[in-house]
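This report concerns only the one structure given below.
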Amino acid sequence: MEIQYSLENLDKTAQAILKNAQHKTFLFYGEMGMGKTTLIKELAKQLGVEDDVSSPTFSIVNEYKAKNNFVYHFDFYRINDEEEAYDMGLEEYFYRDAWVFIEWPSILENLVPLESVKLTLTKNDDNSRTIKLEN
């Protein structure tokens, strides 16, 4: 599934993603500045997160309470190796029945759950974005 979107219809885009996702773990692929965190903020909002959602670049993971569940937002950009991920208890987050959003998953490709939704973001000539969703 592919969706072209802009900030003006980000809410509808997030709703479509959540409706069509077959899993609760989302892997976000795209260049720096592509809007991964912005999209995650809207997804979290759609799930009922009322806190201010921000990038966990330095903390690696941010936890949020949603309506009936939790949202874990990871940014693996600064992870150096798999051992560092294991030390932070990564597996415990993955195997809870919660929403998991992962930026830069390619850094720990061997550790991310197989049952995931892959989201690839690309920028269009008119500055809109296209997202490709693969379950």
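Residue numbers start at 1 in each chain; chains themselves are named A, B, ... in the order of the structure tokens; ligands are numbered from 1 in the order shown.
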Check your understanding: In chain A, what's strand (DSSP E or B) per DSSP? Answer as JSON, numbers by chain?
Key -> {"A": [2, 3, 4, 5, 25, 26, 27, 28, 29, 61, 62, 63, 64, 65, 70, 71, 72, 73, 74, 75, 99, 100, 101, 102, 103, 117, 118, 119, 120, 121, 122, 123, 129, 130, 131, 132, 133, 134]}
**Study point:** DSSP helix (DSSP H, G or I) residues within chain A, listed as a count of residues only
**Key:** 43
Point to revise | Non-local contacts of segment 55-66 of chain A (12 Å; only C-alpha atoms; under 6 positions in same chain excluded) as a PyMOL selection string | key: chain A and resi 35-41+43-49+72-80+84-85+88-90+93-94+98-105
Check your understanding: What's the 10 Å shell around Lys118 of chain A, counting only C-alpha atoms, without same-chain residues fewer than 3 positions away, as a list in words?
Key -> Ala21, His23, Thr25, Phe26, Leu27, Phe28, Tyr29, Ile102, Pro105, Glu115, Leu121, Ile131, Lys132, Leu133, Glu134 and Asn135 of chain A
Practice item. Compile the contact shell of Asn127 of chain A as number ranges by chain: residues with an atom at most 10 Å away, counting only C-alpha atoms, same-chain residues fewer than 3 positions apart removed. Key: A: 5-6, 34, 122-124, 130
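With atom CA of Glu92 of chain A on one side and atom CA of Leu114 of chain A on the other, the separation reads 15.2 Å.
For the pair atom CA of Lys12 of chain A and atom CA of Glu42 of chain A, the separation is 9.6 Å.
Atom to atom, atom CA of Gln22 of chain A and atom CA of Pro113 of chain A stand 13.1 Å apart.
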